[in-house]
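Notes follow once the structure below has been shown.
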Amino acid sequence: MKPTIGIEVHVELKSMAKAFSLSKNNFNDEVNSNINVIDLGHPGVLPRVNKGVIDMALKACLALNFKINRLMHFDRKNYFYPDLPKGYQITQQDTPIGYDGYVEVSNKKIYLERMHIEEDTCKSIHTTDTLLNFNRSGVPLIEIVTKPCIESGAEAMEYLEKLRETLLYLGISDVKIEEGSMRCDVNVSVSDSDKLGTKCEVKNIGSISNVGLAIDYEIKRQEELIKKGGKIVPQTRRFDDKTKTTILMRYKETGNDYRYFPEPDIPFIYIDDEWLKNISDNMPVLTDELKNKYVSLGINSNNIKTIIANRNICNFLEEVIEDVNPVIASNLLTGDILSYLNKNIIKIEDTKLTKNNFIKLVNLLDKKTISSKQAKEIINIILEDEKDVLEIVKENNLEQISDDSLILDIVTKVIKNNPDSVKDFKDGKDRAIKYLMGQIMKESKGQINPNLANEALIRELSKY
Amino acid sequence: MISEEQVNHIADLAKLKVEENEMKKYQQQLTDILTEIDKILNVEIQTTEIMISPSFNQNVYSEDNPENHISKEEAFKNAKRVKGDYIIVPKVIE
Amino acid sequence: MRYLDLDIKTINEKLKAKEIKPIDLVNEAFERIEKTNLNCFITLNKENAIKKALDLENKEVDNLLFGLPIAIKDNILTKNLKTTAASHILDDFIPIYDATVIKKINEKNMIIIGKTNMDEFAMGSTGETSYFKNTLNPWNKEVIPGGSSSGSASCVAARITPFSLGTDTGGSIRQPASFCGLVGLKPTYGRVSRYGVIAFASSLDQVGPITRNVYENALLLNAISGYDKNDLTSSKEVVPDFTALIGKNIKDLKIAVPNYYMSEVIDSEIRQNVSKIITLLKENGCTVDYIDIDYLEYAIPLYQVIALGEASSNLARYDGVRYGLKIDNYQNIDDLYKNTRTEGFGSEVKRRIMIGSYILSGENAQNYYYKALKVRKAMTDSFKDVLEKYDLIIGPTNTDVAYKLGTKQDDALKSFYDDLLTIPVNMAGLPALSLPIGFKNNLPIGMHIIGNYFEEDKIYQLASFIEKKLNLNTEPKEVE
């Protein structure tokens, strides 16, 4: 039996203003503060169009290989719900901004049917009554719909990760599925013939891994039902996080009657070559390109994964990468720096770390002027203080002794003071070297470069 | 003739109630108007272009800068059911 | 003698000379409202109007409209002044913002006397669908004043105010203007901002002036026109002085008369009156040709599909949640919606919402709505072809003069036929004016002058010529 899966993803765009009104686009501000008469659907209001939203959608179109509907209009989707103030949602039914796109995952293309711009609804809070927060009313969304070409939960997860990563790197959304800035609905059907089976929808799944679980559960459920000779009835289900199963919400009626028609209040939008060129000239580097670059620079795959998953760290790396050893830089960022950020639940730009200081630090490490243990101490300082790294090194005498003549001085002094050990060495006793190195470290107060000191010691001892 | 079932479906879409004693009238009136409207189904035209609006405008938009908001007092002024910072409706069960 | 009966220029001179004050005009208007009993107004703005008039005494009289009373159709939002669209569902609605046209009226320091009665949500052509009872026609209290801008027409005809604003979706300015012996203009779609105007059919609605004469009409259009960033369909086209061509020679104007507009569907006496004008125009050097415009005969089904489809969506927001009628009998949200809307809307509005919902439901949208949008395009193209060869199109505004109250109530179909000749103009988005040209049974006959896009000035040029030649007394006999 062959499963077929299609996915619809809604993504909130993080423009400054809303899509069809110019109140502030920030749901998290004080309840019902970012609102105007348009968001409330007052009599007589007319929509505006925020160009920034179209620009963002175009970026997404280019990144996801969509063809673009150059001449587009908007449509009204009509239905009654308390979170929909006008009684209709402005969306794009006839002319979605993007069509026929694709995303590449593990050597397979996930084909995308369409992408369109629409407005979000109010946020409802269900207590004894339903409370309405209009801050979200009119927030821009893009909806991305795949063709029914996904075959497993794992493939779906891979697609969603890739999509999330791409939109994150475009800088057009926070794409946080847990906070609702990315929402996933999946359609699953199973068939034992060439014909597509009856699909069941699983709505609003709370994480990407749960999408995988929900799909695999749904495939199993439907397969078993068909094997038993049962019939799949079209329905809407939800994923239950506790039992890791899907649960029936409602049977689908004959289909929703949304009475779409073209929105007469918004004139046509024509995206000409110049507009499109302007967007493509300003596209950020996307993850596939970054990954390839990091591999060629010798960064290990674990570090690459961590960097890509942390966009702010990746941005930071990108800004310094020309001036540092990328391997050392990636080790520092994904190691001590990331654990500091995670421990304090902050972003890299919220720390005192400057690019300049970071570059100096990596270069000191690269030249072996400081040890990695010393680097760790310095990192903890410069994350909280903008003080210059070189000054910190000087003040705390952290600099390693790497100067050949200085090293030679110390080595010869230690040899001179320990004739017994020299004798032991000659007698072939290995521990003599260890002891002498210990003395050298002691003499240099731990600041001597151990590799260089060891080389010098063996060289000098061989003269005896 | 439009059926009772159709009238009820339309009324539900429009969130209106049709009382039993109005049903016949609605069926008749809707049927009359639909007969009238059917005339356009047979109009022969060359154009495939649709005219959504007589406006000649194209690409009318604003830059991405937030404008002024209204206060909660203004927003709630005409609302009949308000609780704290919210306009409320009877509990909606998902 | 009342100052308000003088022409605008004379009033303006007297205001400038401080011979009269705005408060004198406001008092005259309110006295007149009390004397006449026409149910023109839903809400009076007496206190604020008086205050505004007194405030204006300290201001310089800087324009011709300064200090003059105006009445506003009650589907145009006025901040802090109740705006109902003549519906029970909005009968306590206090707008929190001004429509763009109201801001413009205020910039000219005109004084809003009140909000005029109308057909509920502008749906109707008799004034009878108002939740606040029908408006009377000052020419004859037995006949309709026309609609939907019934109060705006009746109030100017009764000389309560020299100016009013109406809205026109399928003829709602021109038809009542015609039935009340007034000049009413529907501007080019996009000439005047729709922001703050309660939408009936978004692609057809336009605000326009209703006045006693052509010059004053042009003057008011000057004040309300122009691009508005809040209405994306409003035009950036330059706004000329619409009075500029008034009085200019009409010789060599090319005028078209659609055969359909002079066909059997029009009352013969009306046609005769229009024919007289045609003769007059020819005598004065105009070319007048009878022509055909395609698809005119589909105007009414087109209107039903497009206007009612849009209306069913535009009126979805009246659900009793954020504003509007509060009902107490409900168990759940669906109840709240249905009970609010069933109680709040009148029967004509409900019928139209039902039709519109049906037209857009399921497969119907593709069959009816998209087909209608194509026929609309074809009809508009036909208008454009004619207007490439002709300056103006003329004909009657209506098929007949005003008819008896109650005639067409509760007839789902017939009420649309009043707008037979006016609807095509809204479909194409062209400007058009109705001008009184005579009387039948002591009721005014209106002539329709349709112009090319953004050529309202040319319409006024022809209208003012005819107005001057006919020199009709268009003031109804005292009705009290």
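So you can find residues: chains in the structure tokens are A, B, ... in the order shown, residues in each start at 1, and ligands are numbered from 1 in order.
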Determine which residues of chain B sit within 7 Å of chain A, taking into account only C-alpha atoms, and present them as a PDB file with C-alpha atoms, in the first residue's frame.
```pdb
ATOM      1  CA  ILE B  52     -13.060  43.316 -11.144  1.00  0.00           C
ATOM      2  CA  SER B  53     -13.345  47.064 -10.745  1.00  0.00           C
ATOM      3  CA  ASN B  57      -5.075  51.849 -10.642  1.00  0.00           C
ATOM      4  CA  GLN B  58      -2.266  49.347 -10.426  1.00  0.00           C
ATOM      5  CA  ASN B  59       0.446  48.829  -7.807  1.00  0.00           C
ATOM      6  CA  TYR B  61       0.773  50.253  -1.930  1.00  0.00           C
ATOM      7  CA  SER B  62       2.539  51.658   1.087  1.00  0.00           C
ATOM      8  CA  GLU B  63       6.024  51.090   2.391  1.00  0.00           C
ATOM      9  CA  ASP B  64       6.425  48.860   5.415  1.00  0.00           C
ATOM     10  CA  ASN B  65       6.045  51.530   8.107  1.00  0.00           C
ATOM     11  CA  PRO B  66       3.472  51.226  10.895  1.00  0.00           C
ATOM     12  CA  GLU B  67       0.920  54.040  11.223  1.00  0.00           C
ATOM     13  CA  ASN B  68      -1.176  55.186  14.178  1.00  0.00           C
ATOM     14  CA  HIS B  69      -3.304  52.925  16.309  1.00  0.00           C
ATOM     15  CA  ILE B  70      -6.610  53.497  18.034  1.00  0.00           C
ATOM     16  CA  SER B  71      -7.034  53.246  21.787  1.00  0.00           C
ATOM     17  CA  LYS B  72      -8.883  50.417  23.515  1.00  0.00           C
ATOM     18  CA  ASP B  85      -8.788  44.124  27.687  1.00  0.00           C
ATOM     19  CA  TYR B  86     -10.912  41.992  25.398  1.00  0.00           C
ATOM     20  CA  ILE B  87     -14.010  42.018  23.261  1.00  0.00           C
ATOM     21  CA  ILE B  88     -15.724  38.732  24.011  1.00  0.00           C
ATOM     22  CA  VAL B  89     -18.092  36.308  22.307  1.00  0.00           C
ATOM     23  CA  PRO B  90     -19.850  33.216  23.653  1.00  0.00           C
ATOM     24  CA  LYS B  91     -17.354  30.412  24.061  1.00  0.00           C
ATOM     25  CA  VAL B  92     -16.431  28.862  20.744  1.00  0.00           C
TER      26      VAL B  92
END
```
At most 7 Å to chain C: residues in chain B, only C-alpha atoms, as a PyMOL selection string: chain B and resi 10-11+13-17+29-30+33+36-37+40-41+45+47-55+57+60+74+78-80+89-90+92
C:Gln461 surroundings by only C-alpha atoms, 7 Å radius, close-in-sequence under 3 positions cut, as JSON, numbers by chain: {"C": [245, 246, 247, 248, 457, 458, 464, 465]}
Contact residues (chain C, partner chain A, 6 Å, only C-alpha atoms) as number ranges by chain: C: 195-199, 203, 316-317, 360-362
Convert the current residue selection to file output with C-alpha atoms, as a PDB file, in the first residue's frame.
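Final file, part_4.pdb:
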```
ATOM      1  CA  TYR C 195     -13.019  55.476   2.703  1.00  0.00           C
ATOM      2  CA  GLY C 196     -15.533  55.699   5.506  1.00  0.00           C
ATOM      3  CA  VAL C 197     -18.507  55.034   3.247  1.00  0.00           C
ATOM      4  CA  ILE C 198     -20.460  51.972   4.339  1.00  0.00           C
ATOM      5  CA  ALA C 199     -19.902  49.599   1.463  1.00  0.00           C
ATOM      6  CA  SER C 203     -16.782  48.143  -7.331  1.00  0.00           C
ATOM      7  CA  ALA C 316     -20.868  39.945   6.709  1.00  0.00           C
ATOM      8  CA  ARG C 317     -19.156  42.181   9.264  1.00  0.00           C
ATOM      9  CA  LEU C 360     -21.124  32.996  -4.902  1.00  0.00           C
ATOM     10  CA  SER C 361     -21.764  29.575  -3.437  1.00  0.00           C
ATOM     11  CA  GLY C 362     -20.265  26.389  -4.822  1.00  0.00           C
TER      12      GLY C 362
END
```
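Nearest to C:Ile210 of all the residues C:Lys73, C:Thr10, C:Met262, C:Asn249 is C:Lys73, based on only C-alpha atoms.
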Strand (DSSP E) positions in stretch 246-378 of chain C, given as a PyMOL selection string: chain C and resi 254-258+287-291
Length of the atom CA of C:Asp74 to atom CA of C:Lys115 vector [Å]: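 It comes out at 4.9 Å.
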Shell around A:Ile247 at 12 Å using only C-alpha atoms, local window under 2 positions removed, as a PyMOL selection string: chain A and resi 200-203+205+214+217-218+221+235-245+249-251
Please dump the current selection as a compact mmCIF listing (two decimals), in the first residue's frame; keep C-alpha atoms.
```txt
# COMPACT_ATOMS: atom_id res chain seq x y z
CA CYS A 200 -7.71 12.65 6.14
CA GLU A 201 -6.43 15.95 7.42
CA VAL A 202 -4.43 16.36 10.60
CA LYS A 203 -4.51 19.99 11.69
CA ILE A 205 0.51 19.91 14.72
CA ALA A 214 1.32 12.02 13.18
CA TYR A 217 0.49 6.94 12.84
CA GLU A 218 -2.07 8.02 10.27
CA ARG A 221 -4.16 3.56 11.02
CA GLN A 235 -12.28 13.75 8.23
CA THR A 236 -10.29 16.27 10.20
CA ARG A 237 -8.11 14.90 13.01
CA ARG A 238 -5.73 16.32 15.54
CA PHE A 239 -2.48 14.99 16.97
CA ASP A 240 -2.50 14.10 20.63
CA ASP A 241 0.89 14.78 22.13
CA LYS A 242 0.42 12.44 25.12
CA THR A 243 -0.64 9.30 23.30
CA LYS A 244 1.25 10.14 20.09
CA THR A 245 -1.86 9.28 18.10
CA MET A 249 -12.20 16.06 15.44
CA ARG A 250 -15.00 16.09 12.86
CA TYR A 251 -16.11 14.47 9.65
```
Which of chain B DSSP labels helix (DSSP H, G or I), written as number ranges by chain: B: 4-13, 20-42, 72-76
Spatial neighbours of A:Ser330, 10 Å, only C-alpha atoms, chain gap at least 6 places, as a list in words: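 Residues meeting the cut-off are Tyr294, Ile299, Asn300, Asn303, Ile304, Thr306, Ile307, Ile313, Cys314, Leu317, Ile321, Val324, Ile337 and Val362 of chain A.
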Grab the residues selected above and save them as a PDB file, in the first residue's frame with C-alpha atoms.
```
ATOM      1  CA  TYR A 294      31.676  25.316   5.336  1.00  0.00           C
ATOM      2  CA  ILE A 299      34.501  22.692   9.313  1.00  0.00           C
ATOM      3  CA  ASN A 300      33.250  19.369  10.674  1.00  0.00           C
ATOM      4  CA  ASN A 303      29.603  22.054  13.773  1.00  0.00           C
ATOM      5  CA  ILE A 304      27.988  22.870  10.424  1.00  0.00           C
ATOM      6  CA  THR A 306      24.854  23.459  14.830  1.00  0.00           C
ATOM      7  CA  ILE A 307      25.778  26.669  13.047  1.00  0.00           C
ATOM      8  CA  ILE A 313      25.593  32.428  15.266  1.00  0.00           C
ATOM      9  CA  CYS A 314      25.775  31.723  11.565  1.00  0.00           C
ATOM     10  CA  LEU A 317      30.421  33.650  11.691  1.00  0.00           C
ATOM     11  CA  ILE A 321      34.850  34.399   8.404  1.00  0.00           C
ATOM     12  CA  VAL A 324      39.835  34.139  10.922  1.00  0.00           C
ATOM     13  CA  ILE A 337      29.955  30.556  23.204  1.00  0.00           C
ATOM     14  CA  VAL A 362      40.742  33.343  17.230  1.00  0.00           C
TER      15      VAL A 362
END
```
d(atom CA of A:Thr166, atom CA of A:Val11) in Å: 12.0 Å
Contact residues around C:Thr135 with only C-alpha atoms at 8 Å, ignoring same-chain residues under 5 positions, as a short mmCIF file (atom, residue, chain, number, x, y, z; two decimals) with C-alpha atoms, in the first residue's frame:
```cif
data_model
loop_
_atom_site.label_atom_id
_atom_site.label_comp_id
_atom_site.auth_asym_id
_atom_site.auth_seq_id
_atom_site.Cartn_x
_atom_site.Cartn_y
_atom_site.Cartn_z
CA LEU C 38 -40.59 64.88 5.12
CA ASN C 39 -38.66 62.48 7.38
CA CYS C 40 -35.48 63.48 5.54
CA ASN C 117 -32.68 59.02 5.60
CA MET C 118 -32.08 56.40 2.94
CA GLY C 127 -36.50 55.20 0.32
CA GLU C 128 -39.00 52.72 1.69
CA ILE C 144 -41.60 58.23 -3.64
CA PRO C 145 -38.66 60.65 -3.50
CA SER C 150 -33.97 59.58 -0.50
CA GLY C 151 -33.34 61.99 2.37
CA SER C 154 -35.76 65.34 -0.42
#
```
Atom-to-atom span, atom CA of C:Ala157 and atom CA of C:Asn473, Å: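 These atoms are spaced 11.6 Å apart.
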Selection near A:Asp350, 12 Å with only C-alpha atoms, sequence-local residues under 6 positions removed, as a list in words: Asn312, Ile313, Tyr340, Leu341, Asn344, Leu383, Glu384 and Asp385 of chain A
Selected residue of minimal separation from B:Gln27 among B:Ala75, B:Gln6, B:Asp12, B:Glu44, counting only C-alpha atoms: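 Going through B:Ala75, B:Gln6, B:Asp12, B:Glu44 one by one, the smallest distance to B:Gln27 is for B:Gln6.
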